[in-house]
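S.K.: One structure follows; several queries about it will come next.
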Amino acid sequence: MRRLALAVVVPLALVTLGCLVWLWPGSLPGPDTPGSLEQVEGVVTAVSVEQCPESAATGGTTPDPAADPASGAGGAAAASTCGTATVRLTSGADDGLEVETPLPTGAGAVEVGEGDDVLLVELGAARDPDGSVDESAPPSYSIVDRQRGTGLAVLVGAFALAVVAFGRLRGLTALLGLGVTFGLLVWFVVPAILAGESPLLVAIVGSAAIVLTVLYLTHGPSLSTTVAVVGTIAALTLTGLLSALSVAVLGLTGVSDDLSSSLGTTYGVNVQGVLLAGIVIGSLGVLDDVTVTQAATVEEIARANPGYGARELYRAATRVGRSHIASVINTIVLAYAGSALPLLILVVATDDPLGDVVTDQVIAQEVVRSVVATFGLMAAVPITTALAALAVREARQATRQPNRQPTRRAAGARRA
């Protein structure tokens with residue numbers, strides 16, 4: 001069984017490496033539209049706040065007098081504020097210059113206060129009322145977001161310390177595996193898709209590379225890990241085929257919001273392929289969890305029950321796998337529902353019939369994600385469990401075989 005597993009994994013690793021080299025992106029194409037404005041950093045030194053006019057607070061519409069001022073649209077309008085912020089630029093061509101900019105307003109606008117680190121974009125040179133450029137006035141800037149680098153660094157550092165403190169060496173290898181996963185996604189999967197390669201092919205190759213690298217790095221080069229690798233890739237292949245079939249039959253385009261539409265129009269990316277790639281990559285995180293657990297479960301059951309054969313090991317581990325799958329299915333649905341919650345609220349708020357809501361493309365995509373991922377999980381359990389049970393049986397036979405030879409020789413000597 002060990003030789004058979006290696007006969008599968010080694011060629012698979014070579015094929016994956018060859019595909020990585022073949023699909024590795026070169027220089028990325030630029031967007032078909034003019035580039036975005038350059039961002040600069042700054043620090044808020046003063047804030048002047050005033051109540052917004054009704055037209056600005058309500059987006060140019062007349063507020064409903066019946067609206068409750070403490071909640072809903074009326075509350076949002078009453079809470080809106082306008083004013084200006086004085087910002088000292090800390091980067092860019094105007095480093096050190098203090099500029100005055102309007103406070104961000106509207107839905108999702110960031111709140112800023114004195115001392116906050118912010119990001120701004122230059123809107124161009126100031127203009128006189130007649131439209132001519134005022135060379136004597138400083139350039140105009142607008143606050144677009146807050147700087148979060150320091151806060152994120154502290155959060156990630158605390159996460160890494162907690163993982164190492166709890167998992168020790170295994171936690172350290174898990175962090176290394178996470179780094180490999182992040183690197184493959186950022187430097188291979190995303191650039192290759194932007195370069196025009198097939199998103200589904202890129203996702204499968206990238207996922208195979210993650211599985212072959214991260215599982216061995218995290219769990220060590222053991223037969224149990226090899227079984228988990230084979231089971232993961234087999235289930236992942238099935239997930240990719242089912243996702244392609246489901247998307248084609250249901251006629252899903254992958255365009256569900258402005259971001260996905262912009263991705264297709266600006267960069268010429270196959271958005272339907274991105275949907276398929278997202279299903280494959282999203283399923284991978286749960287698949288390797290299930291396969292590693294099943295392979296380890298078979299090993300532990302075999303140690304606790306040395307008399308169990310392959311069939312008994314398979315049955316006992318499958319019962320554990322069913323319980324695991326029952327909880328993971330709910331996890332998958334909640335994860336996808338949470339990521340699409342704003343869109344789900346928007347669709348349901350239209351008060352359409354339930355049948356129309358469920359068949360809407362936004363909802364249908366999330367249903368396909370959840371159902372296809374669940375099919376992959378259900379396939380991963382029997383595949384991995386069967387492979388692990390056969391591997392344990394072969395390992396037992398291999399350890400018993402050397403002990404039989406001396407016994408036979410001894411019996412022959414006694415006969416002589």
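Numbering starts fresh at 1 for the residues of each chain in the structure tokens, the chains themselves are lettered A, B, ... in the order given, and ligands are numbered from 1 as they appear.
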Which residues, written as number ranges by chain, have at least one atom at most 6 Å from segment 248-254 of chain A, with only C-alpha atoms counted and residues fewer than 6 positions away on the same chain left out?
M.R.: A: 271-272, 275
S.K.: Got a sec: who's within 7 Å of segment 49-54 of chain A, counting only C-alpha atoms, leaving out chain neighbours fewer than 5 positions off, as a list in words?
M.R.: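 After dropping sequence-adjacent residues, the list is Ser80, Thr81, Cys82, Gly83 and Thr84 of chain A.
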S.K.: Kindly save the residues from that selection, with all heavy atoms included, as an mmCIF file, in the first residue's frame.
M.R.:
data_model
loop_
_atom_site.group_PDB
_atom_site.id
_atom_site.type_symbol
_atom_site.label_atom_id
_atom_site.label_comp_id
_atom_site.auth_asym_id
_atom_site.auth_seq_id
_atom_site.Cartn_x
_atom_site.Cartn_y
_atom_site.Cartn_z
ATOM 1 N N SER A 80 -26.158 61.922 10.691
ATOM 2 C CA SER A 80 -25.154 62.313 9.715
ATOM 3 C C SER A 80 -24.536 63.640 10.101
ATOM 4 O O SER A 80 -25.218 64.545 10.566
ATOM 5 C CB SER A 80 -25.783 62.410 8.320
ATOM 6 O OG SER A 80 -26.298 61.163 7.929
ATOM 7 N N THR A 81 -23.241 63.732 9.908
ATOM 8 C CA THR A 81 -22.520 64.968 10.203
ATOM 9 C C THR A 81 -21.645 65.336 9.024
ATOM 10 O O THR A 81 -21.209 64.483 8.260
ATOM 11 C CB THR A 81 -21.644 64.804 11.451
ATOM 12 O OG1 THR A 81 -20.760 63.678 11.269
ATOM 13 C CG2 THR A 81 -22.487 64.600 12.700
ATOM 14 N N CYS A 82 -21.397 66.605 8.884
ATOM 15 C CA CYS A 82 -20.503 67.118 7.854
ATOM 16 C C CYS A 82 -19.437 67.964 8.538
ATOM 17 O O CYS A 82 -19.427 68.119 9.751
ATOM 18 C CB CYS A 82 -21.278 67.953 6.834
ATOM 19 S SG CYS A 82 -22.487 66.997 5.864
ATOM 20 N N GLY A 83 -18.558 68.500 7.750
ATOM 21 C CA GLY A 83 -17.503 69.351 8.293
ATOM 22 C C GLY A 83 -16.223 69.167 7.514
ATOM 23 O O GLY A 83 -16.218 68.631 6.389
ATOM 24 N N THR A 84 -15.118 69.580 8.115
ATOM 25 C CA THR A 84 -13.812 69.491 7.458
ATOM 26 C C THR A 84 -12.797 68.910 8.427
ATOM 27 O O THR A 84 -12.962 68.964 9.650
ATOM 28 C CB THR A 84 -13.342 70.874 6.978
ATOM 29 O OG1 THR A 84 -13.268 71.763 8.116
ATOM 30 C CG2 THR A 84 -14.278 71.450 5.939
#
S.K.: Using only C-alpha atoms, which of A:Val205, A:Val392, A:Val357, A:Ala349 sits nearest Asn305 of chain A?
M.R.: A:Val392
S.K.: Neighbouring residues of Ala316 of chain A were defined as those with any atom within 10 Å, considering only C-alpha atoms; residues of the same chain fewer than 2 positions away were excluded. Please report them as a count of residues only.
M.R.: 14
S.K.: I'd like the contact shell of segment 186-200 of chain A - 9 Å cut-off, only C-alpha atoms, skipping same-chain residues fewer than 4 positions apart - returned as a ChimeraX atom specification.
M.R.: /A:20,23-29,181-182,204-206,240,244,267-278,280
S.K.: Check the smallest atom-to-atom distance from each of A:Ser370, A:Ser140, A:Thr291, A:Thr359 to Leu242 of chain A using only C-alpha atoms, then report the winner.
M.R.: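 Ranking A:Ser370, A:Ser140, A:Thr291, A:Thr359 by distance to Leu242 of chain A, first place goes to A:Ser370.
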S.K.: Check the smallest atom-to-atom distance from each of A:Ala380, A:Ala364, A:Leu334, A:Ala395 to Val230 of chain A using only C-alpha atoms, then report the winner.
M.R.: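 Distance minimum relative to Val230 of chain A lands on A:Ala380.
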S.K.: Write out as a ChimeraX atom specification which residues come within 12 Å of Ile210 of chain A when counting only C-alpha atoms, dropping same-chain ones fewer than 5 positions away.
M.R.: /A:13,16-17,20,176-185,188-189,203-205,215-218,229,232-233,236,281,284-285,288
S.K.: Next, dump the selected residues to file, keeping only C-alpha atoms, as a PDB file, in the first residue's frame.
M.R.:
ATOM      1  CA  ALA A  13       3.587  15.987  -7.498  1.00  0.00           C
ATOM      2  CA  THR A  16       1.566  19.643 -10.348  1.00  0.00           C
ATOM      3  CA  LEU A  17       5.080  21.079 -10.490  1.00  0.00           C
ATOM      4  CA  LEU A  20       2.897  25.396 -11.922  1.00  0.00           C
ATOM      5  CA  LEU A 176       4.473  27.763   7.954  1.00  0.00           C
ATOM      6  CA  GLY A 177       1.784  25.906   6.027  1.00  0.00           C
ATOM      7  CA  LEU A 178      -0.478  28.937   6.247  1.00  0.00           C
ATOM      8  CA  GLY A 179       2.329  31.048   4.809  1.00  0.00           C
ATOM      9  CA  VAL A 180       2.742  28.616   1.901  1.00  0.00           C
ATOM     10  CA  THR A 181      -1.003  28.709   1.230  1.00  0.00           C
ATOM     11  CA  PHE A 182      -1.083  32.501   1.287  1.00  0.00           C
ATOM     12  CA  GLY A 183       1.961  32.699  -0.972  1.00  0.00           C
ATOM     13  CA  LEU A 184       0.502  30.348  -3.579  1.00  0.00           C
ATOM     14  CA  LEU A 185      -2.790  32.238  -3.617  1.00  0.00           C
ATOM     15  CA  PHE A 188       0.278  32.155  -8.373  1.00  0.00           C
ATOM     16  CA  VAL A 189      -3.511  31.736  -8.330  1.00  0.00           C
ATOM     17  CA  ALA A 203      -7.526  26.683  -8.889  1.00  0.00           C
ATOM     18  CA  ILE A 204      -7.087  22.920  -9.215  1.00  0.00           C
ATOM     19  CA  VAL A 205      -3.327  23.181  -9.780  1.00  0.00           C
ATOM     20  CA  LEU A 215      -0.170  18.531   4.602  1.00  0.00           C
ATOM     21  CA  TYR A 216       3.331  17.061   4.608  1.00  0.00           C
ATOM     22  CA  LEU A 217       4.752  20.197   6.194  1.00  0.00           C
ATOM     23  CA  THR A 218       2.107  20.264   8.935  1.00  0.00           C
ATOM     24  CA  VAL A 229      -3.299  13.699   0.399  1.00  0.00           C
ATOM     25  CA  THR A 232      -8.141  15.143  -0.594  1.00  0.00           C
ATOM     26  CA  ILE A 233      -7.089  15.364  -4.227  1.00  0.00           C
ATOM     27  CA  LEU A 236     -11.212  17.884  -4.820  1.00  0.00           C
ATOM     28  CA  ILE A 281     -10.556  26.725  -3.196  1.00  0.00           C
ATOM     29  CA  LEU A 284     -10.224  22.702   0.046  1.00  0.00           C
ATOM     30  CA  GLY A 285     -10.045  24.094   3.564  1.00  0.00           C
ATOM     31  CA  ASP A 288      -8.179  18.513   4.148  1.00  0.00           C
TER      32      ASP A 288
END
S.K.: Pull the strand (DSSP E or B) assignments for segment 77-252 of chain A out of DSSP run on the backbone, and list those residues as a PyMOL selection string.
M.R.: chain A and resi 81-89+98-102+117-124+127+133+140-146
S.K.: So that I can check the surroundings of Gly92 of chain A, please list as an NGL selection string every protein, DNA and RNA residue that reaches within 10 Å of it, counting only C-alpha atoms and ignoring chain neighbours fewer than 2 positions away.
M.R.: :A and (38-42 or 89-90 or 94-97 or 122)
S.K.: Ranking A:Met378, A:Leu341, A:Gly282, A:Arg369 by minimum distance to His324 of chain A and counting only C-alpha atoms, which one comes first?
M.R.: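 Of A:Met378, A:Leu341, A:Gly282, A:Arg369, the one nearest His324 of chain A, counting only C-alpha atoms, is A:Met378.
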S.K.: What lies within 8 Å of Thr45 of chain A using only C-alpha atoms, ignoring chain neighbours under 3 positions off, as a list in words?
M.R.: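 Counting only C-alpha atoms, the residues come to Ala85, Thr86, Val87, Arg88, Glu114 and Gly115 of chain A.
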S.K.: Can I get the selection written as a PDB file, in the first residue's frame, with N, CA and C atoms?
M.R.:
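Writing the result to out.pdb gives the following:
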ATOM      1  N   ALA A  85     -11.759  68.357   7.865  1.00  0.00           N
ATOM      2  CA  ALA A  85     -10.638  67.832   8.649  1.00  0.00           C
ATOM      3  C   ALA A  85      -9.347  68.412   8.109  1.00  0.00           C
ATOM      4  N   THR A  86      -8.478  68.791   9.012  1.00  0.00           N
ATOM      5  CA  THR A  86      -7.139  69.249   8.634  1.00  0.00           C
ATOM      6  C   THR A  86      -6.187  68.071   8.757  1.00  0.00           C
ATOM      7  N   VAL A  87      -5.501  67.775   7.669  1.00  0.00           N
ATOM      8  CA  VAL A  87      -4.657  66.581   7.617  1.00  0.00           C
ATOM      9  C   VAL A  87      -3.242  66.986   7.226  1.00  0.00           C
ATOM     10  N   ARG A  88      -2.269  66.468   7.983  1.00  0.00           N
ATOM     11  CA  ARG A  88      -0.854  66.666   7.622  1.00  0.00           C
ATOM     12  C   ARG A  88      -0.387  65.449   6.836  1.00  0.00           C
ATOM     13  N   GLU A 114      -9.251  63.456  15.565  1.00  0.00           N
ATOM     14  CA  GLU A 114      -7.918  64.035  15.682  1.00  0.00           C
ATOM     15  C   GLU A 114      -6.917  62.957  16.107  1.00  0.00           C
ATOM     16  N   GLY A 115      -5.791  62.904  15.389  1.00  0.00           N
ATOM     17  CA  GLY A 115      -4.753  61.924  15.665  1.00  0.00           C
ATOM     18  C   GLY A 115      -4.860  60.652  14.858  1.00  0.00           C
TER      19      GLY A 115
END
